[in-house]
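Written out below as structure tokens is the structure these notes cover.
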Amino acid sequence: MPPQGKLEYGGRAAPLRTCVGCRVRTVKSELLRLVVVEGEIVPDQRGRLQGRGAYVHPALSCLELAERRRVFPRSFRVAGPLDMACLRASLAGLDVE
């Protein structure tokens, strides 16, 4: 049995993260990391940007669910509205549903 927070994935243990939209725990590599840069939520494709991150499946359905549940201010621990235009544009290009 793998340790808590890890999943046997491709023959080796991989870190787990929870999608803030659908709340499903999955392997980190299958999720898109999001960070806040100057009041705007941007995708962190390489996982190297500074700051608190939140993870979401690269699908518009999960993004819309997260918006409806108003999880982004809580996840990033910021007050006030966050701009999602850049995130929506990038997910529209990535969405394969």
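Letters A, B, ... mark the chains of the structure tokens in the order given; residue numbers begin at 1 per chain; ligand numbers begin at 1, in order shown.
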Subject >> Residues within 9 Å of region 71-82 of chain A, only C-alpha atoms, excluding chain neighbours under 5 positions, as a PyMOL selection string >> reply: chain A and resi 20-21+35-36+39-41+51-54+66
Take the selection from the previous step and output its residues with N, CA and C atoms, as a PDB file, in the first residue's frame.
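In the end it all went to selection_16.pdb:
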ATOM      1  N   VAL A  20      -9.650  21.747  -7.402  1.00  0.00           N
ATOM      2  CA  VAL A  20     -10.511  22.642  -6.626  1.00  0.00           C
ATOM      3  C   VAL A  20     -11.909  22.737  -7.221  1.00  0.00           C
ATOM      4  N   GLY A  21     -12.084  22.272  -8.453  1.00  0.00           N
ATOM      5  CA  GLY A  21     -13.397  22.298  -9.086  1.00  0.00           C
ATOM      6  C   GLY A  21     -14.247  21.103  -8.702  1.00  0.00           C
ATOM      7  N   VAL A  35      -1.737  29.933 -10.296  1.00  0.00           N
ATOM      8  CA  VAL A  35      -1.205  30.879  -9.319  1.00  0.00           C
ATOM      9  C   VAL A  35      -1.767  32.264  -9.617  1.00  0.00           C
ATOM     10  N   VAL A  36      -1.661  33.152  -8.639  1.00  0.00           N
ATOM     11  CA  VAL A  36      -2.112  34.535  -8.818  1.00  0.00           C
ATOM     12  C   VAL A  36      -0.893  35.405  -9.061  1.00  0.00           C
ATOM     13  N   GLY A  39      -3.036  39.970  -9.260  1.00  0.00           N
ATOM     14  CA  GLY A  39      -4.490  39.966  -9.253  1.00  0.00           C
ATOM     15  C   GLY A  39      -5.132  39.159 -10.364  1.00  0.00           C
ATOM     16  N   GLU A  40      -4.350  38.421 -11.103  1.00  0.00           N
ATOM     17  CA  GLU A  40      -4.877  37.616 -12.208  1.00  0.00           C
ATOM     18  C   GLU A  40      -4.469  36.158 -12.015  1.00  0.00           C
ATOM     19  N   ILE A  41      -5.412  35.249 -12.209  1.00  0.00           N
ATOM     20  CA  ILE A  41      -5.120  33.822 -12.115  1.00  0.00           C
ATOM     21  C   ILE A  41      -4.509  33.387 -13.438  1.00  0.00           C
ATOM     22  N   GLY A  51       4.484  31.554  -5.301  1.00  0.00           N
ATOM     23  CA  GLY A  51       3.185  31.822  -4.715  1.00  0.00           C
ATOM     24  C   GLY A  51       2.388  30.562  -4.458  1.00  0.00           C
ATOM     25  N   ARG A  52       1.292  30.767  -3.805  1.00  0.00           N
ATOM     26  CA  ARG A  52       0.396  29.685  -3.442  1.00  0.00           C
ATOM     27  C   ARG A  52      -0.284  29.153  -4.693  1.00  0.00           C
ATOM     28  N   GLY A  53      -0.350  27.862  -4.834  1.00  0.00           N
ATOM     29  CA  GLY A  53      -0.946  27.259  -6.015  1.00  0.00           C
ATOM     30  C   GLY A  53      -2.242  26.547  -5.711  1.00  0.00           C
ATOM     31  N   ALA A  54      -3.058  26.422  -6.732  1.00  0.00           N
ATOM     32  CA  ALA A  54      -4.280  25.623  -6.684  1.00  0.00           C
ATOM     33  C   ALA A  54      -4.279  24.767  -7.939  1.00  0.00           C
ATOM     34  N   ALA A  66     -15.496  25.343 -10.121  1.00  0.00           N
ATOM     35  CA  ALA A  66     -14.720  26.061  -9.108  1.00  0.00           C
ATOM     36  C   ALA A  66     -15.203  27.506  -8.971  1.00  0.00           C
TER      37      ALA A  66
END
Original post:
If you measure from CA of Arg88 (chain A) to CA of Pro15 (chain A), what distance in Å do you get, rounded to one decimal?
Top reply: 26.0 Å
Subject >> Nearby residues (only C-alpha atoms) at most 12 Å from Ser29 (chain A), same-chain spacing under 3 positions excluded, as a ChimeraX atom specification >> reply: /A:7,9-10,14-19,25-26,32-33,45-47,55-58
**OP:** Using DSSP on the backbone coordinates, identify the residues of chain A assigned to strand (DSSP E); present them as number ranges by chain.
**Re:** A: 6-9, 12-18, 25-27, 32-37, 40-44, 54-56
Kindly save the residues from that selection, with N, CA and C atoms included, as a PDB file, in the first residue's frame.
ATOM      1  N   LYS A   6       0.311   9.691  -1.768  1.00  0.00           N
ATOM      2  CA  LYS A   6       1.039   9.203  -2.942  1.00  0.00           C
ATOM      3  C   LYS A   6       0.185   8.133  -3.613  1.00  0.00           C
ATOM      4  N   LEU A   7       0.412   7.944  -4.892  1.00  0.00           N
ATOM      5  CA  LEU A   7      -0.322   6.943  -5.648  1.00  0.00           C
ATOM      6  C   LEU A   7       0.661   6.217  -6.540  1.00  0.00           C
ATOM      7  N   GLU A   8       0.517   4.907  -6.627  1.00  0.00           N
ATOM      8  CA  GLU A   8       1.356   4.131  -7.529  1.00  0.00           C
ATOM      9  C   GLU A   8       0.914   4.490  -8.939  1.00  0.00           C
ATOM     10  N   TYR A   9       1.799   5.069  -9.701  1.00  0.00           N
ATOM     11  CA  TYR A   9       1.457   5.574 -11.032  1.00  0.00           C
ATOM     12  C   TYR A   9       2.607   5.264 -11.967  1.00  0.00           C
ATOM     13  N   ARG A  12       5.797   3.732 -10.162  1.00  0.00           N
ATOM     14  CA  ARG A  12       6.446   4.442  -9.064  1.00  0.00           C
ATOM     15  C   ARG A  12       5.442   5.377  -8.381  1.00  0.00           C
ATOM     16  N   ALA A  13       5.770   5.780  -7.167  1.00  0.00           N
ATOM     17  CA  ALA A  13       4.867   6.638  -6.393  1.00  0.00           C
ATOM     18  C   ALA A  13       4.870   8.043  -6.972  1.00  0.00           C
ATOM     19  N   ALA A  14       3.690   8.641  -7.063  1.00  0.00           N
ATOM     20  CA  ALA A  14       3.547   9.994  -7.589  1.00  0.00           C
ATOM     21  C   ALA A  14       2.701  10.815  -6.610  1.00  0.00           C
ATOM     22  N   PRO A  15       2.983  12.121  -6.461  1.00  0.00           N
ATOM     23  CA  PRO A  15       2.214  12.952  -5.530  1.00  0.00           C
ATOM     24  C   PRO A  15       0.782  13.165  -6.007  1.00  0.00           C
ATOM     25  N   LEU A  16      -0.123  13.255  -5.046  1.00  0.00           N
ATOM     26  CA  LEU A  16      -1.531  13.496  -5.326  1.00  0.00           C
ATOM     27  C   LEU A  16      -1.883  14.944  -5.033  1.00  0.00           C
ATOM     28  N   ARG A  17      -2.826  15.480  -5.795  1.00  0.00           N
ATOM     29  CA  ARG A  17      -3.382  16.806  -5.545  1.00  0.00           C
ATOM     30  C   ARG A  17      -4.888  16.710  -5.761  1.00  0.00           C
ATOM     31  N   THR A  18      -5.632  17.671  -5.221  1.00  0.00           N
ATOM     32  CA  THR A  18      -7.083  17.703  -5.354  1.00  0.00           C
ATOM     33  C   THR A  18      -7.483  18.838  -6.286  1.00  0.00           C
ATOM     34  N   ARG A  25      -9.285  13.700  -6.115  1.00  0.00           N
ATOM     35  CA  ARG A  25      -7.839  13.586  -5.910  1.00  0.00           C
ATOM     36  C   ARG A  25      -7.258  12.750  -7.032  1.00  0.00           C
ATOM     37  N   THR A  26      -6.209  13.266  -7.644  1.00  0.00           N
ATOM     38  CA  THR A  26      -5.563  12.551  -8.736  1.00  0.00           C
ATOM     39  C   THR A  26      -4.073  12.882  -8.747  1.00  0.00           C
ATOM     40  N   VAL A  27      -3.360  12.265  -9.654  1.00  0.00           N
ATOM     41  CA  VAL A  27      -1.927  12.467  -9.775  1.00  0.00           C
ATOM     42  C   VAL A  27      -1.650  13.910 -10.202  1.00  0.00           C
ATOM     43  N   LEU A  32      -3.623  20.952 -13.716  1.00  0.00           N
ATOM     44  CA  LEU A  32      -2.990  22.206 -14.096  1.00  0.00           C
ATOM     45  C   LEU A  32      -2.846  23.065 -12.847  1.00  0.00           C
ATOM     46  N   ARG A  33      -1.631  23.525 -12.565  1.00  0.00           N
ATOM     47  CA  ARG A  33      -1.395  24.377 -11.404  1.00  0.00           C
ATOM     48  C   ARG A  33      -1.726  25.817 -11.772  1.00  0.00           C
ATOM     49  N   LEU A  34      -2.419  26.499 -10.872  1.00  0.00           N
ATOM     50  CA  LEU A  34      -2.798  27.897 -11.062  1.00  0.00           C
ATOM     51  C   LEU A  34      -2.160  28.730  -9.959  1.00  0.00           C
ATOM     52  N   VAL A  35      -1.737  29.933 -10.296  1.00  0.00           N
ATOM     53  CA  VAL A  35      -1.205  30.879  -9.319  1.00  0.00           C
ATOM     54  C   VAL A  35      -1.767  32.264  -9.617  1.00  0.00           C
ATOM     55  N   VAL A  36      -1.661  33.152  -8.639  1.00  0.00           N
ATOM     56  CA  VAL A  36      -2.112  34.535  -8.818  1.00  0.00           C
ATOM     57  C   VAL A  36      -0.893  35.405  -9.061  1.00  0.00           C
ATOM     58  N   VAL A  37      -0.921  36.140 -10.186  1.00  0.00           N
ATOM     59  CA  VAL A  37       0.136  37.093 -10.525  1.00  0.00           C
ATOM     60  C   VAL A  37      -0.529  38.441 -10.746  1.00  0.00           C
ATOM     61  N   GLU A  40      -4.350  38.421 -11.103  1.00  0.00           N
ATOM     62  CA  GLU A  40      -4.877  37.616 -12.208  1.00  0.00           C
ATOM     63  C   GLU A  40      -4.469  36.158 -12.015  1.00  0.00           C
ATOM     64  N   ILE A  41      -5.412  35.249 -12.209  1.00  0.00           N
ATOM     65  CA  ILE A  41      -5.120  33.822 -12.115  1.00  0.00           C
ATOM     66  C   ILE A  41      -4.509  33.387 -13.438  1.00  0.00           C
ATOM     67  N   VAL A  42      -3.318  32.819 -13.365  1.00  0.00           N
ATOM     68  CA  VAL A  42      -2.626  32.374 -14.578  1.00  0.00           C
ATOM     69  C   VAL A  42      -2.236  30.905 -14.423  1.00  0.00           C
ATOM     70  N   PRO A  43      -2.223  30.165 -15.535  1.00  0.00           N
ATOM     71  CA  PRO A  43      -1.768  28.773 -15.468  1.00  0.00           C
ATOM     72  C   PRO A  43      -0.257  28.708 -15.322  1.00  0.00           C
ATOM     73  N   ASP A  44       0.200  27.784 -14.520  1.00  0.00           N
ATOM     74  CA  ASP A  44       1.626  27.581 -14.296  1.00  0.00           C
ATOM     75  C   ASP A  44       1.991  26.238 -14.919  1.00  0.00           C
ATOM     76  N   ALA A  54      -3.058  26.422  -6.732  1.00  0.00           N
ATOM     77  CA  ALA A  54      -4.280  25.623  -6.684  1.00  0.00           C
ATOM     78  C   ALA A  54      -4.279  24.767  -7.939  1.00  0.00           C
ATOM     79  N   TYR A  55      -4.883  23.605  -7.863  1.00  0.00           N
ATOM     80  CA  TYR A  55      -4.867  22.677  -8.988  1.00  0.00           C
ATOM     81  C   TYR A  55      -6.274  22.457  -9.512  1.00  0.00           C
ATOM     82  N   VAL A  56      -6.365  22.342 -10.845  1.00  0.00           N
ATOM     83  CA  VAL A  56      -7.647  22.106 -11.499  1.00  0.00           C
ATOM     84  C   VAL A  56      -7.394  21.203 -12.710  1.00  0.00           C
TER      85      VAL A  56
END
As a PDB file with N, CA, C and O atoms, in the first residue's frame, which residues of region 22-97 of chain A does DSSP assign to helix (DSSP H, G or I)?
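See out-v4.pdb below for the written result:
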ATOM      1  N   LYS A  28      -0.657  14.521  -9.590  1.00  0.00           N
ATOM      2  CA  LYS A  28      -0.322  15.925  -9.837  1.00  0.00           C
ATOM      3  C   LYS A  28      -0.089  16.220 -11.313  1.00  0.00           C
ATOM      4  O   LYS A  28      -0.464  17.281 -11.808  1.00  0.00           O
ATOM      5  N   SER A  29       0.506  15.271 -12.042  1.00  0.00           N
ATOM      6  CA  SER A  29       0.837  15.504 -13.445  1.00  0.00           C
ATOM      7  C   SER A  29      -0.394  15.626 -14.341  1.00  0.00           C
ATOM      8  O   SER A  29      -0.299  16.136 -15.444  1.00  0.00           O
ATOM      9  N   GLU A  30      -1.559  15.178 -13.882  1.00  0.00           N
ATOM     10  CA  GLU A  30      -2.786  15.273 -14.669  1.00  0.00           C
ATOM     11  C   GLU A  30      -3.558  16.562 -14.415  1.00  0.00           C
ATOM     12  O   GLU A  30      -4.573  16.804 -15.047  1.00  0.00           O
ATOM     13  N   LEU A  60     -12.793  23.047 -19.006  1.00  0.00           N
ATOM     14  CA  LEU A  60     -13.631  24.198 -18.649  1.00  0.00           C
ATOM     15  C   LEU A  60     -14.701  23.830 -17.634  1.00  0.00           C
ATOM     16  O   LEU A  60     -15.102  24.658 -16.819  1.00  0.00           O
ATOM     17  N   SER A  61     -15.160  22.576 -17.647  1.00  0.00           N
ATOM     18  CA  SER A  61     -16.197  22.164 -16.701  1.00  0.00           C
ATOM     19  C   SER A  61     -15.703  22.272 -15.257  1.00  0.00           C
ATOM     20  O   SER A  61     -16.433  22.740 -14.379  1.00  0.00           O
ATOM     21  N   CYS A  62     -14.471  21.872 -14.995  1.00  0.00           N
ATOM     22  CA  CYS A  62     -13.915  21.985 -13.637  1.00  0.00           C
ATOM     23  C   CYS A  62     -13.693  23.446 -13.259  1.00  0.00           C
ATOM     24  O   CYS A  62     -13.908  23.828 -12.112  1.00  0.00           O
ATOM     25  N   LEU A  63     -13.261  24.248 -14.208  1.00  0.00           N
ATOM     26  CA  LEU A  63     -13.056  25.671 -13.945  1.00  0.00           C
ATOM     27  C   LEU A  63     -14.387  26.347 -13.593  1.00  0.00           C
ATOM     28  O   LEU A  63     -14.471  27.112 -12.634  1.00  0.00           O
ATOM     29  N   GLU A  64     -15.432  26.048 -14.346  1.00  0.00           N
ATOM     30  CA  GLU A  64     -16.743  26.640 -14.086  1.00  0.00           C
ATOM     31  C   GLU A  64     -17.294  26.178 -12.740  1.00  0.00           C
ATOM     32  O   GLU A  64     -17.901  26.961 -12.011  1.00  0.00           O
ATOM     33  N   LEU A  65     -17.073  24.929 -12.399  1.00  0.00           N
ATOM     34  CA  LEU A  65     -17.515  24.413 -11.106  1.00  0.00           C
ATOM     35  C   LEU A  65     -16.788  25.126  -9.969  1.00  0.00           C
ATOM     36  O   LEU A  65     -17.396  25.500  -8.965  1.00  0.00           O
ATOM     37  N   ALA A  66     -15.496  25.343 -10.121  1.00  0.00           N
ATOM     38  CA  ALA A  66     -14.720  26.061  -9.108  1.00  0.00           C
ATOM     39  C   ALA A  66     -15.203  27.506  -8.971  1.00  0.00           C
ATOM     40  O   ALA A  66     -15.278  28.036  -7.861  1.00  0.00           O
ATOM     41  N   GLU A  67     -15.533  28.128 -10.089  1.00  0.00           N
ATOM     42  CA  GLU A  67     -16.059  29.504 -10.048  1.00  0.00           C
ATOM     43  C   GLU A  67     -17.387  29.560  -9.318  1.00  0.00           C
ATOM     44  O   GLU A  67     -17.620  30.442  -8.497  1.00  0.00           O
ATOM     45  N   ARG A  68     -18.268  28.619  -9.620  1.00  0.00           N
ATOM     46  CA  ARG A  68     -19.583  28.584  -8.971  1.00  0.00           C
ATOM     47  C   ARG A  68     -19.458  28.395  -7.470  1.00  0.00           C
ATOM     48  O   ARG A  68     -20.228  28.961  -6.697  1.00  0.00           O
ATOM     49  N   ARG A  69     -18.482  27.594  -7.054  1.00  0.00           N
ATOM     50  CA  ARG A  69     -18.277  27.326  -5.641  1.00  0.00           C
ATOM     51  C   ARG A  69     -17.449  28.415  -4.955  1.00  0.00           C
ATOM     52  O   ARG A  69     -17.247  28.378  -3.755  1.00  0.00           O
ATOM     53  N   PHE A  72     -11.616  30.129  -5.458  1.00  0.00           N
ATOM     54  CA  PHE A  72     -10.320  30.751  -5.742  1.00  0.00           C
ATOM     55  C   PHE A  72      -9.852  31.726  -4.676  1.00  0.00           C
ATOM     56  O   PHE A  72      -8.694  31.660  -4.270  1.00  0.00           O
ATOM     57  N   PRO A  73     -10.670  32.640  -4.176  1.00  0.00           N
ATOM     58  CA  PRO A  73     -10.171  33.509  -3.095  1.00  0.00           C
ATOM     59  C   PRO A  73      -9.731  32.716  -1.864  1.00  0.00           C
ATOM     60  O   PRO A  73      -8.734  33.045  -1.233  1.00  0.00           O
ATOM     61  N   ARG A  74     -10.447  31.639  -1.545  1.00  0.00           N
ATOM     62  CA  ARG A  74     -10.053  30.803  -0.398  1.00  0.00           C
ATOM     63  C   ARG A  74      -8.775  30.035  -0.691  1.00  0.00           C
ATOM     64  O   ARG A  74      -7.884  29.930   0.157  1.00  0.00           O
ATOM     65  N   SER A  75      -8.679  29.466  -1.883  1.00  0.00           N
ATOM     66  CA  SER A  75      -7.513  28.655  -2.231  1.00  0.00           C
ATOM     67  C   SER A  75      -6.232  29.479  -2.251  1.00  0.00           C
ATOM     68  O   SER A  75      -5.182  29.010  -1.825  1.00  0.00           O
ATOM     69  N   PHE A  76      -6.328  30.692  -2.778  1.00  0.00           N
ATOM     70  CA  PHE A  76      -5.146  31.544  -2.877  1.00  0.00           C
ATOM     71  C   PHE A  76      -4.962  32.437  -1.658  1.00  0.00           C
ATOM     72  O   PHE A  76      -3.973  33.157  -1.559  1.00  0.00           O
ATOM     73  N   ALA A  85      -9.475  36.000 -17.171  1.00  0.00           N
ATOM     74  CA  ALA A  85      -9.500  36.049 -18.637  1.00  0.00           C
ATOM     75  C   ALA A  85      -8.380  35.218 -19.254  1.00  0.00           C
ATOM     76  O   ALA A  85      -8.600  34.446 -20.188  1.00  0.00           O
ATOM     77  N   CYS A  86      -7.173  35.361 -18.745  1.00  0.00           N
ATOM     78  CA  CYS A  86      -6.021  34.615 -19.269  1.00  0.00           C
ATOM     79  C   CYS A  86      -6.214  33.114 -19.068  1.00  0.00           C
ATOM     80  O   CYS A  86      -5.928  32.313 -19.963  1.00  0.00           O
ATOM     81  N   LEU A  87      -6.716  32.730 -17.911  1.00  0.00           N
ATOM     82  CA  LEU A  87      -6.951  31.318 -17.611  1.00  0.00           C
ATOM     83  C   LEU A  87      -8.008  30.730 -18.525  1.00  0.00           C
ATOM     84  O   LEU A  87      -7.838  29.639 -19.076  1.00  0.00           O
ATOM     85  N   ARG A  88      -9.112  31.440 -18.707  1.00  0.00           N
ATOM     86  CA  ARG A  88     -10.170  30.959 -19.608  1.00  0.00           C
ATOM     87  C   ARG A  88      -9.650  30.769 -21.033  1.00  0.00           C
ATOM     88  O   ARG A  88      -9.972  29.797 -21.683  1.00  0.00           O
ATOM     89  N   ALA A  89      -8.862  31.722 -21.512  1.00  0.00           N
ATOM     90  CA  ALA A  89      -8.333  31.641 -22.869  1.00  0.00           C
ATOM     91  C   ALA A  89      -7.412  30.434 -23.024  1.00  0.00           C
ATOM     92  O   ALA A  89      -7.491  29.710 -24.020  1.00  0.00           O
ATOM     93  N   SER A  90      -6.575  30.174 -22.033  1.00  0.00           N
ATOM     94  CA  SER A  90      -5.665  29.044 -22.152  1.00  0.00           C
ATOM     95  C   SER A  90      -6.408  27.719 -22.019  1.00  0.00           C
ATOM     96  O   SER A  90      -6.078  26.751 -22.703  1.00  0.00           O
ATOM     97  N   LEU A  91      -7.411  27.642 -21.149  1.00  0.00           N
ATOM     98  CA  LEU A  91      -8.167  26.403 -21.018  1.00  0.00           C
ATOM     99  C   LEU A  91      -9.046  26.133 -22.230  1.00  0.00           C
ATOM    100  O   LEU A  91      -9.286  24.981 -22.574  1.00  0.00           O
ATOM    101  N   ALA A  92      -9.515  27.175 -22.886  1.00  0.00           N
ATOM    102  CA  ALA A  92     -10.309  26.978 -24.108  1.00  0.00           C
ATOM    103  C   ALA A  92      -9.463  26.297 -25.175  1.00  0.00           C
ATOM    104  O   ALA A  92      -9.962  25.483 -25.952  1.00  0.00           O
ATOM    105  N   GLY A  93      -8.183  26.607 -25.213  1.00  0.00           N
ATOM    106  CA  GLY A  93      -7.272  25.976 -26.165  1.00  0.00           C
ATOM    107  C   GLY A  93      -6.882  24.571 -25.764  1.00  0.00           C
ATOM    108  O   GLY A  93      -6.589  23.734 -26.602  1.00  0.00           O
ATOM    109  N   LEU A  94      -6.855  24.271 -24.448  1.00  0.00           N
ATOM    110  CA  LEU A  94      -6.442  22.957 -23.956  1.00  0.00           C
ATOM    111  C   LEU A  94      -7.584  21.977 -23.843  1.00  0.00           C
ATOM    112  O   LEU A  94      -7.358  20.767 -23.843  1.00  0.00           O
TER     113      LEU A  94
END
